[in-house]
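Scroll down for the structure; my scribbles are underneath it.
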Amino acid sequence: MRILLAEHIAPAGVERLRAAGFLDDATGVDRAELLVRAVRCDAIVVRSATRVDAELIAAAPNLRVIGRAGTGVDNVDVDAATSRGILVCNAPQSNALSAAEHAVALMLALARNIPQAHAALTDGRWERSRFGGVELSGKTLAVLGFGRIGQLVCARARAFGMRVVAYDPFVSSDRVRERGAEQATSVEEAVTDADFVTLHLPASAETRQLVNARLIATMRRGVRIINAARGDLVDEAALVAALDAGHVAGAALDVFSAEPITVSPLFGRDDVVVTPHLGASTREAQDRAGTIIADQVVRALAGELVENAVNVPGVSEAERAAVAPYLPLAEKLGRVAVALADGVVGSLEISYDGAIADRDTRLVTLAVLRGALAGLDDDGANLINARSLAEARGIDVRETRRPAGAYTSLIRVATSETSRVSGTTIGSDNRPWIVRALGYQLEIELAGHMLFLVNDDRPGMIGSIGHALGAAGVNIANMTVSRNRDGGSALSAIQIDGPPPQAVLVALCATPGLTGVRSVVVDDAP
Ligand code: NAD
Ligand code: MLT
């Protein structure tokens, strides 16, 4: 296992990575060298300075995991990674507190002109009247983006006696109330009465230049703006114009539209406080970011679904544990379903009955898709890219659920009205069993290589099947037969030791009374 370390992380994280495989320390190398080193890596670990874009991803054919030691993944092309089945994970819990404290520090510095006063005094000027400030107490703070950092900033602002108005359409009003804030239903409503506006949103196409001339015009004259999230959120030219016009009384910025940056019309002004992207730059946050990301990357390389994966559904640890026993079953049912399909697979209907219907089944659905895609010869399918690969093949995926059924939990996968398979898990080790296929009731463990044969229900059929397999030296490990009615047709599900030679399948197809022959690699066991 080869892990490419593109930027510095805490020593404890480096040690964890080193213990897991070969650590290729590429900190400080230029882009061209990074592209060369990427060729052999299985994982890459970055902070915010390295662009893990389509070019870098394409240069790394073995890449399976991208670890971002921090929060924002805007320097990672998550779509390009997802379509290649590469897991992207981050460490969002590592630096939220540091970033929140930094935002509050910027707000205080801005309110009391601390950096400017410090610079003047150390420059030999005692200028008390020049640096009069404002109090925070009694003022209104608009928090745009009420996630981890927004809520931490809110708690600290409330302690200063501020009124907080939050705007975040994805956070419930109960949560906003619990945090002692008022909820605004639009960004304009949030900022209209604000004395201070602080940004805690991710950078995205939707949030790009959210703070622009139009929004600033809806703010009251004398507003102060703090940005410790991402530079792209602010139209910097519009901010400069609003500062020049006196509409905005001041701004405190930790982040910029281009970084690193040393020259800007925002620099060298008394009404603007700046820091060079220091929100996460505390010893504590860096220690946490390094160790968390190293742990995530190592576990992800070992095949675990890590909790900070950003391109697989964010399922809680408890839900993940509850559905984990069903993932092998789901994948095998997906493989069998497409093998028994009566034509091109254009849709997959996945039904959950019983206890599993009460669970968060998103990962289970992805496991069905992965199995189905593997059955359709898409060997590169995994839980990360399964949905996009299914979409690319035009497979329509639907989920239904029923609270109770004949089994404690049952998963049914249908490719058409008539082509359905159902399974459940058996025993304390959750062995995957198929219990219904193509309308026949049956009970057999889903394992290894299997044959599913539809034959007339008449004497001698099982003997003919056994003879055809025996003659080719194919050993039957397990077998079950189920008929729909006396003298009708029957389904034989047969587990065999190894893949059947093509000649056997031809012989079976030619056997009188055998009307359907399907061979399935149910799992990749030898
Ligand atoms: P988070 O995901 O916990 O919170 C972001 C919130 O923004 C979410 O609640 C989401 O619902 C909300 N949101 C998304 N789009 C929105 C929209 N269009 N309008 C309103 N709300 C929207 O993230 P976080 O950990 O709080 O981080 C917030 C930002 O801070 C990120 O951009 C992150 O990269 C940045 N950050 C900067 C530093 C730094 O060093 N300056 C450190 C850490 C994080
Ligand atoms: C983050 O998103 O985690 C911060 O911007 C900090 C960083 O990139 O180091």
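In the structure tokens, the first chain shown is A, the next is B, and so on; residue numbers restart at 1 for each chain, and ligands run from 1 in the order shown.
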
Using only C-alpha atoms and all ligand atoms, which residues have at least one atom no more than 9 Å from ligand 2? Output them as a PyMOL selection string.
chain A and resi 47-49+68-74+90-92+94-96+99+202+228-230+255+277-281+286+289

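Backbone DSSP of region 25-63 of chain A yields alpha helix (DSSP H) at Arg31, Ala32, Glu33, Leu34, Leu35, Val36, Arg37, Ala38, Ala54, Glu55, Leu56, Ile57 and Ala58 of chain A.
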
Please measure the separation of CA of Ile225 (chain A) and CA of Gly132 (chain A), giving the value in Å to one decimal.
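The value is 18.0 Å.
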
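Shell of Val506 (chain A) at 12 Å, with only C-alpha atoms counted and residues fewer than 5 places along the chain excluded, is A:Ala468, A:Leu469, A:Ala472, A:Pro500, A:Pro501, A:Thr511, A:Leu514, A:Gly516, A:Val517, A:Arg518, A:Ser519.
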
CA of Thr198 (chain A) and CA of Ala103 (chain A) are how many Å apart?
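Atom-to-atom, CA of Thr198 (chain A) and CA of Ala103 (chain A) are spaced 7.7 Å apart.
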
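Residues with any atom within 7 Å of Met479 (chain A), counting only C-alpha atoms and excluding same-chain neighbours fewer than 4 positions away, are Ala493, Ile494 and Gln495 of chain A.
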
Let me make sure I understand: among A:Thr291, A:Thr207, A:Asn311, A:Ser428, which one has the smallest atom-to-atom distance to ligand 1 if we use only C-alpha atoms and all ligand atoms?
A:Thr207

Go ahead and compute the interatomic distance for CA of Gly147 (chain A) and atom 25 (O, counted along the ligand's line) of ligand 1, in Å to one decimal.
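Between these atoms lies a distance of 6.2 Å.
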
Which region 434-512 of chain A residues have any atom within 10 Å of an atom of region 399-413 of chain A, and for each, what is the nearest pair of atoms with distance in Å to one decimal, counting only C-alpha atoms, rows sorted by chain and number, as a tab-separated table?
residue	atom	partner	partner_atom	distance
A:Ile434	CA	A:Ile411	CA	9.5
A:Val435	CA	A:Leu410	CA	9.0
A:Arg436	CA	A:Arg412	CA	8.7
A:Ala437	CA	A:Arg412	CA	9.4

Which residue of A:Leu17, A:Val310, A:Ala321, A:Ala357 approaches ligand 1 most closely, using only C-alpha atoms and all ligand atoms
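Using only C-alpha atoms and all ligand atoms, ligand 1 sits closest to A:Val310.
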
Give me every strand (DSSP E) residue in region 137-364 of chain A, going by DSSP on the backbone, as number ranges by chain.
A: 140-144, 163-167, 182-183, 196-199, 223-227, 248-253, 272-274, 347-354

Store the residues of this selection in a file with C-alpha atoms, as a compact mmCIF listing (two decimals), in the first residue's frame.
# COMPACT_ATOMS: atom_id res chain seq x y z
CA THR A 140 -27.39 41.56 16.05
CA LEU A 141 -25.21 38.91 14.41
CA ALA A 142 -26.35 37.17 11.21
CA VAL A 143 -24.86 33.70 10.91
CA LEU A 144 -25.04 32.46 7.33
CA ARG A 163 -28.89 38.55 19.29
CA VAL A 164 -28.24 35.85 16.66
CA VAL A 165 -30.23 35.40 13.46
CA ALA A 166 -29.35 32.22 11.56
CA TYR A 167 -29.89 31.40 7.91
CA GLU A 182 -33.78 33.16 15.53
CA GLN A 183 -34.34 31.55 12.16
CA PHE A 196 -22.35 41.89 12.06
CA VAL A 197 -22.61 39.20 9.38
CA THR A 198 -20.48 36.06 9.67
CA LEU A 199 -20.14 33.38 6.97
CA VAL A 223 -22.61 46.59 8.98
CA ARG A 224 -19.39 44.63 9.63
CA ILE A 225 -18.67 41.41 7.69
CA ILE A 226 -16.57 38.46 8.87
CA ASN A 227 -15.48 35.63 6.58
CA VAL A 248 -19.88 48.53 5.17
CA ALA A 249 -18.05 49.81 8.24
CA GLY A 250 -15.48 47.04 8.29
CA ALA A 251 -14.56 43.52 7.28
CA ALA A 252 -12.48 40.79 8.87
CA LEU A 253 -11.25 38.15 6.47
CA VAL A 272 -10.23 45.66 7.16
CA VAL A 273 -8.62 43.03 9.39
CA VAL A 274 -6.97 40.10 7.63
CA SER A 347 -34.70 -1.25 -13.69
CA LEU A 348 -34.08 -2.63 -10.23
CA GLU A 349 -36.82 -2.54 -7.64
CA ILE A 350 -35.46 -3.22 -4.19
CA SER A 351 -38.02 -3.98 -1.47
CA TYR A 352 -37.35 -4.14 2.23
CA ASP A 353 -39.77 -6.10 4.41
CA GLY A 354 -39.89 -6.45 8.19

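Among the candidates A:Glu236, A:Asp25, A:Asp30, A:Glu259, the one nearest to ligand 1 when counting only C-alpha atoms and all ligand atoms is A:Glu259.
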
Would you kindly return, as number ranges by chain, each protein, DNA or RNA residue with an atom no farther than 12 Å from any atom of Phe22 (chain A), considering only C-alpha atoms and excluding same-chain residues fewer than 2 positions away?
A: 1-5, 14-20, 24-25, 40-44, 298

Residues from the last selection, N, CA and C atoms, saved as a CSV table (one decimal), in the first residue's frame:
chain,number,residue,atom,x,y,z
A,1,MET,N,0.8,-1.2,0.0
A,1,MET,CA,0.0,0.0,0.0
A,1,MET,C,0.9,1.3,0.0
A,2,ARG,N,0.6,2.2,-0.9
A,2,ARG,CA,1.5,3.3,-1.0
A,2,ARG,C,0.6,4.6,-0.8
A,3,ILE,N,1.0,5.4,0.2
A,3,ILE,CA,0.2,6.6,0.6
A,3,ILE,C,1.1,7.8,0.2
A,4,LEU,N,0.5,8.7,-0.6
A,4,LEU,CA,1.2,9.9,-1.0
A,4,LEU,C,0.8,11.0,-0.1
A,5,LEU,N,1.7,11.5,0.7
A,5,LEU,CA,1.4,12.6,1.6
A,5,LEU,C,1.8,13.9,0.9
A,14,VAL,N,1.2,11.2,10.7
A,14,VAL,CA,2.2,10.7,9.8
A,14,VAL,C,2.7,9.3,10.2
A,15,GLU,N,2.8,9.1,11.5
A,15,GLU,CA,3.2,7.8,12.1
A,15,GLU,C,2.2,6.8,11.8
A,16,ARG,N,0.9,7.1,11.9
A,16,ARG,CA,-0.1,6.1,11.7
A,16,ARG,C,-0.1,5.7,10.2
A,17,LEU,N,0.1,6.7,9.3
A,17,LEU,CA,0.2,6.3,7.8
A,17,LEU,C,1.4,5.5,7.6
A,18,ARG,N,2.5,5.8,8.2
A,18,ARG,CA,3.7,5.1,8.0
A,18,ARG,C,3.6,3.6,8.4
A,19,ALA,N,2.9,3.4,9.5
A,19,ALA,CA,2.7,2.1,10.0
A,19,ALA,C,1.8,1.2,9.1
A,20,ALA,N,1.0,1.9,8.3
A,20,ALA,CA,0.0,1.2,7.5
A,20,ALA,C,0.6,0.8,6.1
A,24,ASP,N,4.9,7.9,1.0
A,24,ASP,CA,5.7,8.7,0.0
A,24,ASP,C,5.5,10.1,0.4
A,25,ASP,N,6.6,10.7,1.1
A,25,ASP,CA,6.5,12.0,1.5
A,25,ASP,C,6.7,13.0,0.4
A,40,ARG,N,1.8,5.8,-8.7
A,40,ARG,CA,1.8,4.5,-8.0
A,40,ARG,C,1.0,4.5,-6.7
A,41,CYS,N,0.4,5.6,-6.4
A,41,CYS,CA,-0.2,5.7,-5.0
A,41,CYS,C,-1.6,5.0,-4.9
A,42,ASP,N,-1.9,4.5,-3.7
A,42,ASP,CA,-3.3,3.9,-3.5
A,42,ASP,C,-4.1,5.0,-2.7
A,43,ALA,N,-3.4,5.9,-2.0
A,43,ALA,CA,-4.1,6.9,-1.3
A,43,ALA,C,-3.3,8.2,-1.4
A,44,ILE,N,-4.0,9.3,-1.3
A,44,ILE,CA,-3.3,10.6,-1.2
A,44,ILE,C,-3.9,11.4,-0.1
A,298,VAL,N,-6.4,5.0,6.5
A,298,VAL,CA,-5.9,3.6,6.7
A,298,VAL,C,-7.1,2.6,6.8

Pick from A:Pro276, A:Pro328, A:Gly427, A:Gly28 nearest to ligand 1, counting only C-alpha atoms and all ligand atoms:
A:Pro276
